[in-house]
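Text of final_29.txt (compact mmCIF, C-alpha atoms and all ligand atoms) as supplied:
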# COMPACT_ATOMS: atom_id res chain seq x y z
CA MET A 17 1.35 26.34 -2.21
CA GLU A 18 4.42 25.49 -0.14
CA SER A 19 4.61 22.90 2.59
CA SER A 20 4.65 25.63 5.24
CA SER A 21 0.90 26.09 4.76
CA LEU A 22 0.24 22.42 5.54
CA ASN A 23 -0.27 21.03 8.99
CA LEU A 24 2.79 18.75 9.35
CA GLU A 25 3.79 16.56 12.31
CA GLU A 26 7.16 15.19 13.42
CA THR A 27 7.12 11.46 14.26
CA PRO A 28 9.68 9.12 15.83
CA CYS A 29 10.79 5.90 14.10
CA ASN A 30 7.97 3.36 14.05
CA LEU A 31 10.37 0.42 14.23
CA CYS A 32 12.79 1.37 17.06
CA GLY A 33 11.33 4.57 18.53
CA SER A 34 14.42 6.68 17.88
CA LYS A 35 14.05 10.36 16.99
CA GLU A 36 17.48 10.51 15.34
CA SER A 37 17.14 10.63 11.56
CA ALA A 38 18.80 12.10 8.48
CA VAL A 39 17.32 13.28 5.19
CA LEU A 40 17.32 10.76 2.34
CA TYR A 41 15.29 12.58 -0.36
CA GLU A 42 13.33 15.79 -0.29
CA ARG A 43 10.78 17.21 -2.74
CA PRO A 44 8.54 19.65 -0.88
CA TYR A 45 4.79 19.09 -1.03
CA LEU A 46 2.92 21.17 -3.58
CA THR A 47 -0.83 21.38 -3.58
CA PRO A 48 -2.31 22.41 -6.91
CA HIS A 49 -5.44 24.10 -5.53
CA ASP A 50 -6.32 25.87 -2.28
CA GLY A 51 -6.18 24.38 1.21
CA GLU A 52 -8.23 21.34 0.17
CA SER A 53 -5.45 18.91 0.95
CA GLY A 54 -7.64 16.33 2.72
CA ALA A 55 -7.91 14.46 -0.56
CA PHE A 56 -4.15 14.04 -0.94
CA ALA A 57 -4.01 10.79 0.97
CA ALA A 58 -5.42 8.52 -1.66
CA THR A 59 -5.12 10.41 -4.91
CA THR A 60 -1.50 11.01 -5.73
CA ASP A 61 -2.08 13.63 -8.36
CA GLU A 62 -4.00 15.85 -5.98
CA PHE A 63 -0.81 16.46 -4.11
CA ARG A 64 2.49 16.55 -5.91
CA ASN A 65 5.86 15.40 -4.59
CA TYR A 66 6.45 13.44 -1.46
CA GLY A 67 7.83 15.80 1.18
CA ARG A 68 10.90 14.86 3.17
CA ILE A 69 11.90 11.21 3.42
CA VAL A 70 14.34 10.38 6.20
CA TYR A 71 16.13 7.26 7.39
CA CYS A 72 16.42 6.30 11.03
CA LEU A 73 20.04 6.53 12.20
CA LYS A 74 19.49 3.63 14.62
CA CYS A 75 17.64 1.00 12.55
CA GLY A 76 17.56 2.30 8.95
CA LEU A 77 13.75 2.50 8.54
CA ARG A 78 12.83 5.05 5.86
CA TYR A 79 9.77 7.21 6.43
CA THR A 80 8.21 10.59 5.73
CA ASN A 81 9.09 13.11 8.42
CA PRO A 82 7.50 15.49 9.12
CA ARG A 83 4.28 14.19 7.62
CA PRO A 84 0.79 15.60 7.15
CA ALA A 85 -1.20 15.62 10.39
CA ALA A 86 -2.92 12.35 11.33
CA SER A 87 -6.35 14.00 11.17
CA LEU A 88 -5.68 15.06 7.55
CA ILE A 89 -4.56 11.58 6.54
CA LEU A 90 -7.49 9.83 8.23
CA SER A 91 -10.13 12.18 6.82
CA GLY A 92 -8.44 11.83 3.42
CA TYR A 93 -8.94 8.07 3.39
CA GLY A 94 -12.40 8.21 4.93
CA ASN A 95 -13.60 10.60 2.21
CA CYS A 96 -11.67 9.04 -0.65
CA VAL A 97 -13.57 8.49 -3.91
CA ASP A 98 -11.38 7.01 -6.63
CA GLU A 99 -13.35 6.23 -9.78
CA SER A 100 -10.09 5.82 -11.73
CA TYR A 101 -9.38 2.71 -9.67
CA LEU A 102 -12.33 1.03 -11.37
CA LEU A 103 -10.79 1.48 -14.83
CA GLU A 104 -8.16 -1.20 -14.27
CA SER A 105 -10.67 -3.74 -12.96
CA SER A 106 -9.63 -6.75 -15.06
CA SER A 107 -5.94 -6.42 -14.33
CA ARG A 108 -6.64 -5.84 -10.63
CA SER A 109 -8.60 -9.09 -10.53
CA ILE A 110 -5.71 -10.92 -12.19
CA ASN A 111 -3.25 -9.43 -9.71
CA ALA A 112 -5.52 -10.68 -6.92
CA HIS A 113 -5.01 -14.21 -8.22
CA LEU A 114 -1.24 -13.73 -8.21
CA SER A 115 -1.46 -12.88 -4.48
CA LEU A 116 -3.81 -15.78 -3.82
CA ASN A 117 -1.40 -18.22 -5.45
CA THR A 118 1.21 -17.22 -2.90
CA ILE A 119 -1.22 -17.43 0.04
CA LYS A 120 -2.47 -20.86 -1.05
CA ARG A 121 1.02 -22.29 -0.80
CA PHE A 122 0.47 -22.09 2.97
CA ILE A 123 -3.30 -22.34 3.49
CA SER A 124 -6.00 -23.37 1.06
CA SER A 125 -9.28 -22.50 2.80
CA GLY A 126 -10.83 -20.88 5.87
CA SER A 127 -11.64 -17.29 6.83
CA LEU A 128 -9.83 -14.36 5.27
CA LEU A 129 -9.82 -10.70 6.29
CA GLU A 130 -8.49 -8.07 3.93
CA VAL A 131 -7.31 -4.80 5.44
CA GLY A 132 -7.69 -1.94 2.96
CA SER A 133 -10.02 -3.95 0.75
CA SER A 134 -10.91 -1.00 -1.52
CA VAL A 135 -13.81 -1.87 -3.85
CA GLY A 136 -13.38 -5.62 -3.27
CA TYR A 137 -11.51 -7.07 -6.27
CA PHE A 138 -9.20 -9.17 -4.14
CA LEU A 139 -11.97 -10.43 -1.83
CA ASN A 140 -14.16 -11.29 -4.79
CA ALA A 141 -11.33 -13.40 -6.21
CA ALA A 142 -10.55 -14.92 -2.80
CA ARG A 143 -14.05 -16.12 -2.00
CA THR A 144 -13.79 -19.11 -4.28
CA ASP A 145 -11.65 -20.63 -1.52
CA PHE A 146 -12.19 -18.47 1.58
CA GLU A 147 -14.99 -16.88 3.61
CA VAL A 148 -14.14 -13.22 3.11
CA THR A 149 -14.47 -10.02 5.15
CA GLY A 150 -13.07 -6.57 4.38
CA LEU A 151 -12.02 -3.50 6.34
CA GLU A 152 -11.72 -0.33 4.28
CA PRO A 153 -11.57 3.25 5.59
CA SER A 154 -13.17 4.79 2.48
CA HIS A 155 -16.96 4.88 2.83
CA TRP A 156 -17.31 5.11 -0.94
CA ALA A 157 -15.18 1.99 -1.55
CA THR A 158 -16.99 0.04 1.20
CA GLU A 159 -20.33 0.76 -0.45
CA GLU A 160 -18.94 -0.18 -3.89
CA ALA A 161 -17.69 -3.53 -2.53
CA LYS A 162 -21.11 -4.28 -1.04
CA ARG A 163 -23.00 -3.16 -4.11
CA ARG A 164 -20.81 -4.83 -6.75
CA PHE A 165 -19.82 -8.03 -5.04
CA LYS A 166 -22.14 -8.36 -1.98
CA ILE A 167 -19.05 -8.56 0.21
CA GLU A 168 -19.12 -8.18 4.01
CA CYS A 169 -17.13 -4.99 4.42
CA TYR A 170 -16.80 -2.35 7.14
CA PRO A 171 -15.53 1.25 6.93
CA GLU A 172 -12.96 0.73 9.68
CA SER A 173 -9.22 0.39 10.27
CA ILE A 174 -7.33 -2.62 11.62
CA GLU A 175 -6.18 -0.59 14.64
CA ASN A 176 -9.76 -0.18 15.87
CA PRO A 177 -12.03 -2.68 14.11
CA LYS A 178 -15.21 -2.66 16.18
CA SER A 179 -17.26 -4.75 13.76
CA ILE A 180 -14.94 -7.77 13.92
CA GLU A 181 -14.22 -7.65 17.65
CA GLY A 182 -14.11 -11.19 19.07
CA ARG A 183 -13.55 -12.84 15.66
CA ASN A 184 -10.42 -14.63 14.48
CA PHE A 185 -9.25 -15.29 10.93
CA ASP A 186 -7.07 -17.88 9.22
CA VAL A 187 -5.60 -15.27 6.88
CA ILE A 188 -5.18 -11.49 7.00
CA ALA A 189 -4.08 -9.80 3.77
CA MET A 190 -2.79 -6.25 3.28
CA SER A 191 -1.82 -5.34 -0.28
CA ASP A 192 -0.22 -1.94 -0.86
CA VAL A 193 -1.56 -0.77 2.49
CA ILE A 194 1.08 -0.84 5.23
CA GLU A 195 3.12 1.96 3.60
CA HIS A 196 0.07 4.24 3.97
CA LEU A 197 -0.64 3.58 7.65
CA LEU A 198 0.08 6.04 10.47
CA ASP A 199 1.36 3.26 12.74
CA PRO A 200 2.42 0.09 10.88
CA LYS A 201 3.69 -1.57 14.07
CA ALA A 202 0.30 -1.13 15.76
CA ALA A 203 -1.38 -2.51 12.63
CA LEU A 204 0.79 -5.64 12.72
CA LEU A 205 0.17 -6.18 16.43
CA SER A 206 -3.57 -5.72 15.91
CA SER A 207 -3.52 -8.11 12.92
CA ARG A 208 -1.82 -10.69 15.09
CA ARG A 209 -4.59 -10.33 17.67
CA PHE A 210 -7.24 -11.08 15.01
CA LEU A 211 -5.43 -14.13 13.60
CA LYS A 212 -6.05 -17.68 14.77
CA PRO A 213 -3.02 -19.45 16.28
CA GLY A 214 -0.73 -20.28 13.34
CA GLY A 215 -2.71 -17.90 11.08
CA ILE A 216 -1.13 -16.37 7.98
CA LEU A 217 -0.41 -12.70 7.36
CA TYR A 218 0.07 -11.69 3.71
CA LEU A 219 1.73 -8.35 2.92
CA LEU A 220 2.54 -6.56 -0.31
CA THR A 221 4.51 -3.31 -0.25
CA PRO A 222 7.11 -1.42 -2.31
CA ASP A 223 10.72 -2.42 -1.58
CA ILE A 224 12.97 0.61 -1.10
CA GLY A 225 15.97 -1.70 -0.79
CA SER A 226 15.42 -2.96 -4.37
CA LEU A 227 17.84 -2.33 -7.20
CA SER A 228 15.46 -0.06 -9.13
CA ALA A 229 14.79 2.06 -6.01
CA LYS A 230 18.55 2.45 -5.61
CA ILE A 231 19.09 3.35 -9.26
CA MET A 232 16.10 5.71 -9.61
CA ARG A 233 16.72 7.32 -6.21
CA GLY A 234 14.44 10.37 -5.82
CA TYR A 235 12.60 9.45 -9.05
CA TRP A 236 11.54 5.96 -7.99
CA TRP A 237 7.80 5.28 -8.54
CA GLY A 238 7.41 4.05 -4.95
CA LEU A 239 8.04 7.54 -3.55
CA ARG A 240 4.59 9.07 -3.38
CA PRO A 241 2.82 11.61 -1.21
CA ALA A 242 0.42 8.97 0.14
CA HIS A 243 3.26 6.65 1.18
CA ILE A 244 4.60 7.55 4.62
CA TYR A 245 6.70 4.41 5.28
CA TYR A 246 9.24 2.80 2.95
CA PHE A 247 10.27 -0.70 3.95
CA SER A 248 13.24 -2.75 2.79
CA ARG A 249 13.25 -6.54 3.26
CA GLN A 250 15.40 -5.99 6.31
CA THR A 251 13.19 -3.44 8.12
CA MET A 252 10.00 -5.31 7.14
CA MET A 253 11.31 -8.62 8.50
CA ARG A 254 12.49 -7.03 11.72
CA MET A 255 9.12 -5.37 12.33
CA LEU A 256 7.26 -8.63 11.65
CA ILE A 257 9.50 -10.66 13.95
CA GLU A 258 9.18 -8.06 16.72
CA SER A 259 5.39 -8.13 16.27
CA GLY A 260 5.21 -11.88 16.89
CA PHE A 261 5.47 -13.37 13.40
CA GLU A 262 7.67 -15.97 11.76
CA ILE A 263 8.60 -15.21 8.12
CA LEU A 264 7.55 -17.97 5.70
CA THR A 265 8.46 -16.35 2.39
CA ILE A 266 9.62 -13.00 1.06
CA LYS A 267 10.01 -12.40 -2.66
CA SER A 268 9.51 -9.83 -5.40
CA PHE A 269 6.01 -9.41 -6.83
CA GLY A 270 5.28 -8.64 -10.46
CA ARG A 271 1.99 -7.22 -11.69
CA ILE A 272 -0.27 -7.26 -14.70
CA PHE A 273 -1.60 -3.96 -15.99
CA THR A 274 -2.37 -2.25 -19.26
CA TYR A 275 0.47 -0.47 -21.02
CA SER A 276 -1.32 2.85 -20.38
CA TYR A 277 -1.20 2.20 -16.66
CA TRP A 278 2.49 1.38 -16.73
CA LEU A 279 3.02 4.53 -18.73
CA SER A 280 1.20 6.63 -16.12
CA ARG A 281 3.73 5.37 -13.59
CA LEU A 282 6.51 6.94 -15.63
CA LYS A 283 5.01 10.41 -15.26
CA ASN A 284 7.58 11.50 -12.70
CA TYR A 285 10.48 10.41 -14.85
CA PRO A 286 12.38 12.79 -17.14
CA LYS A 287 10.09 13.95 -19.94
CA SER A 288 12.14 12.30 -22.69
CA VAL A 289 11.57 8.86 -21.12
CA PHE A 290 7.84 9.47 -20.71
CA LEU A 291 7.33 10.82 -24.24
CA THR A 292 9.38 8.09 -25.91
CA ALA A 293 7.56 5.29 -24.08
CA GLY A 294 4.19 6.95 -24.64
CA GLY A 295 4.81 7.45 -28.36
CA LEU A 296 5.90 3.87 -28.78
CA ILE A 297 2.82 2.47 -27.03
CA LYS A 298 0.50 4.62 -29.19
CA VAL A 299 2.24 3.69 -32.43
CA LEU A 300 2.02 0.01 -31.56
CA GLY A 301 -1.64 0.33 -30.48
CA LEU A 302 -0.93 -1.26 -27.10
CA GLU A 303 -2.78 1.14 -24.77
CA ASN A 304 -5.30 -1.43 -23.55
CA LYS A 305 -3.21 -4.59 -23.85
CA LEU A 306 -2.27 -6.36 -20.65
CA VAL A 307 1.35 -6.94 -19.74
CA TYR A 308 3.05 -8.65 -16.82
CA ILE A 309 6.07 -6.84 -15.46
CA ASP A 310 8.16 -7.71 -12.44
CA THR A 311 10.27 -4.65 -11.76
CA ARG A 312 11.53 -6.46 -8.63
CA ASP A 313 10.72 -3.50 -6.43
CA SER A 314 7.54 -4.70 -4.76
CA MET A 315 7.89 -7.40 -2.13
CA GLU A 316 5.32 -9.92 -1.02
CA ILE A 317 5.60 -11.62 2.32
CA CYS A 318 3.82 -14.45 4.06
CA ALA A 319 4.33 -14.65 7.81
CA ARG A 320 2.86 -16.97 10.43
CA LYS A 321 1.54 -15.95 13.83
CA ARG A 322 3.88 -17.34 16.48
ZN ZN B 401 14.57 3.24 13.90

Whole structure, C-alpha cells version:
Amino acid sequence: MESSSLNLEETPCNLCGSKESAVLYERPYLTPHDGESGAFAATTDEFRNYGRIVYCLKCGLRYTNPRPAASLILSGYGNCVDESYLLESSSRSINAHLSLNTIKRFISSGSLLEVGSSVGYFLNAARTDFEVTGLEPSHWATEEAKRRFKIECYPESIENPKSIEGRNFDVIAMSDVIEHLLDPKAALLSSRRFLKPGGILYLLTPDIGSLSAKIMRGYWWGLRPAHIYYFSRQTMMRMLIESGFEILTIKSFGRIFTYSYWLSRLKNYPKSVFLTAGGLIKVLGLENKLVYIDTRDSMEICARKR
C-alpha cells in the first residue's frame, strides 16, 4: 500500500516555526497489511520505511514531513502492545543504570518522573535512590509496570498530565521518547513546568549529526517510521535553551544488548552485511550474550531548569 492511502499531515518546523524545508531522505511508507496502520507508531516492523525526512532551511532541524495524522500516532501509542520489548529485560535494566549514572552526577536523590516509562525497567532501577512516577501513553505498558514492579504510573502524556497536576519533580527523564513526540517543544516546556527550580531534565535520543548517521545516510538505524524528529546536538541544545534550560552535559551514549538484538538493528542494511554478521554470531554461539556498544550516534543530555 502506498503512502497516498495514508492520512498524512504537513507540519511546520517545531524549533523555529518555518515552513520552508527541503527533502533530505525519502523512502515512502509501505504498510504490509490493510488499512490497519494505527499500530505503526510503536512497532517498526508493522510499517516499513520512514516516509519523507526534510530539513528546515532556516534552522536545520530534521523531521518527517508530511507525517501520519496526529490522531493515528496518538491512538497507535495508546493501543500499543509490545511483548517483544519484554525479551530484552536484563539488558534494558542494565541500560537504565547507565542512564542513572549520568543523572547521579548532578542529583543523587529526590523525586523522579519518567516520561514514556514503558513497562517500568528504568523506574524500577531508579527507585533505589528516587521516589518514582511514570507517564506512559500505552495502557498495556502502564498496567505491566504496575503489575510487575508496583510502580505509580499513569496512561498520560507530558503535554497534558492530569494525574500529576500541581506536583513538582527533582528529575524528569525521557529516554528514546522525544523523537516520537508530535510537539517536542511543547513537551520540553511542559517538563519545565513540572520540575522544581533547578531540577534536572535527562534526555536520550538518536543523534542525526553523528558520524555514523552521516556515513549510513538513508540506511542509518535511527531513521524509523515511528521517529518523526531527528535532532543533532546543535538543534537539541537550541531547543532546550529556548525552552528555559541550561545544558549541563551532552555526550554519546552506548548500550548493552544481546548480539541478536544488535543484529536485528542491521535488518535495513544491505543483505550481505546482515547475513555475514548473522552467520558469524550463530557460528560463535553468541545470540544471547550481552555486549556493550557505543556507536556514538545516540546522545544523552542533562539540562537544568533555569
Ligand atoms: Zn526551523

Could you report the residues within 12 Å of ligand ZN 401 (chain B), using only C-alpha atoms and all ligand atoms, as a compact mmCIF listing (two decimals) with C-alpha atoms, in the coordinates of the input?
# COMPACT_ATOMS: atom_id res chain seq x y z
CA THR A 27 7.12 11.46 14.26
CA PRO A 28 9.68 9.12 15.83
CA CYS A 29 10.79 5.90 14.10
CA ASN A 30 7.97 3.36 14.05
CA LEU A 31 10.37 0.42 14.23
CA CYS A 32 12.79 1.37 17.06
CA GLY A 33 11.33 4.57 18.53
CA SER A 34 14.42 6.68 17.88
CA LYS A 35 14.05 10.36 16.99
CA GLU A 36 17.48 10.51 15.34
CA SER A 37 17.14 10.63 11.56
CA ALA A 38 18.80 12.10 8.48
CA VAL A 70 14.34 10.38 6.20
CA TYR A 71 16.13 7.26 7.39
CA CYS A 72 16.42 6.30 11.03
CA LEU A 73 20.04 6.53 12.20
CA LYS A 74 19.49 3.63 14.62
CA CYS A 75 17.64 1.00 12.55
CA GLY A 76 17.56 2.30 8.95
CA LEU A 77 13.75 2.50 8.54
CA ARG A 78 12.83 5.05 5.86
CA TYR A 79 9.77 7.21 6.43
CA LYS A 201 3.69 -1.57 14.07
CA TYR A 245 6.70 4.41 5.28
CA PHE A 247 10.27 -0.70 3.95
CA GLN A 250 15.40 -5.99 6.31
CA THR A 251 13.19 -3.44 8.12
CA MET A 252 10.00 -5.31 7.14
CA ARG A 254 12.49 -7.03 11.72
CA MET A 255 9.12 -5.37 12.33

Quick one: everything within 7 Å of Asp310 (chain A), counting all atoms listed in the file, minus sequence neighbours fewer than 5 positions away in the same chain. Send it as a PDB file with C-alpha atoms, in the frame of the given file.
ATOM      1  CA  PHE A 269       6.010  -9.410  -6.830  1.00  0.00           C
ATOM      2  CA  GLY A 270       5.280  -8.640 -10.460  1.00  0.00           C
ATOM      3  CA  ARG A 271       1.990  -7.220 -11.690  1.00  0.00           C
TER       4      ARG A 271
END

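CA of Glu25 (chain A) sits 8.0 Å away from CA of Ala86 (chain A).
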
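Of the listed residues A:Leu300, A:Leu46, A:Leu114, A:Ala161, the one whose atoms come nearest to Val135 (chain A) is A:Ala161, with distances taken using only C-alpha atoms.
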
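Between CA of Leu219 (chain A) and CA of Glu316 (chain A) the interatomic distance comes to 5.6 Å.
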
Residue with smallest distance to Val187 (chain A) - pool A:Ala202, A:Ile89, A:Leu128, A:Ile224, counting all atoms listed in the file:
A:Leu128

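Interatomic distance, CA of Arg233 (chain A) to CA of Ala203 (chain A): 27.9 Å.
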
Need the shell around Arg320 (chain A): protein/DNA/RNA residues with any atom at most 7 Å away, counting all atoms listed in the file. Skip same-chain ones fewer than 4 positions apart. Format as an MDAnalysis selection string?
chainID A and resid 214:217 261:264

Which of these, A:Asn23, A:Ser314, A:Asn140, A:Ser206, has the shortest distance to Ile188 (chain A) once you count all atoms listed in the file?
A:Ser206

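Distances from A:Ile194, A:Ile266, A:Leu151, A:Val131 to Lys178 (chain A) were compared using all atoms listed in the file, and the smallest one belongs to A:Leu151.
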
Close residues, Arg143 (chain A) itself excluded, 12 Å, all atoms listed in the file, min 5 positions apart in chain, as a ChimeraX atom specification:
/A:112-113,116,124-130,136-138,148-150,165-168

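Using all atoms listed in the file, the nearest neighbour of Ser173 (chain A) within the list A:Thr144, A:Asn65, A:Ser100, A:Leu90 is A:Leu90.
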
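Ranking A:Pro241, A:Lys321, A:Leu22, A:Thr221 by their shortest atom-to-atom distance to Arg208 (chain A), with only C-alpha atoms included, puts A:Lys321 first.
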
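Near Leu302 (chain A), within a cut-off of 12 Å and counting only C-alpha atoms, sit the residues Phe273, Thr274, Tyr275, Ser276, Tyr277, Trp278, Leu279, Ala293, Gly294, Gly295, Leu296, Ile297, Lys298, Val299, Leu300, Asn304, Lys305, Leu306 and Val307 of chain A, with same-chain residues fewer than 2 positions away left out.
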
Find the residues around Lys230 (chain A) up to 12 Å (all atoms listed in the file counted), leave out those fewer than 5 positions away in its own chain, and share them as a tab-separated table (two decimals) with C-alpha atoms, in the frame of the given file.
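The new file part_6.tsv reads:
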chain	number	residue	atom	x	y	z
A	40	LEU	CA	17.32	10.76	2.34
A	41	TYR	CA	15.29	12.58	-0.36
A	223	ASP	CA	10.72	-2.42	-1.58
A	224	ILE	CA	12.97	0.61	-1.10
A	225	GLY	CA	15.97	-1.70	-0.79
A	235	TYR	CA	12.60	9.45	-9.05
A	236	TRP	CA	11.54	5.96	-7.99
A	237	TRP	CA	7.80	5.28	-8.54
A	238	GLY	CA	7.41	4.05	-4.95
A	239	LEU	CA	8.04	7.54	-3.55
A	248	SER	CA	13.24	-2.75	2.79
A	312	ARG	CA	11.53	-6.46	-8.63
A	313	ASP	CA	10.72	-3.50	-6.43
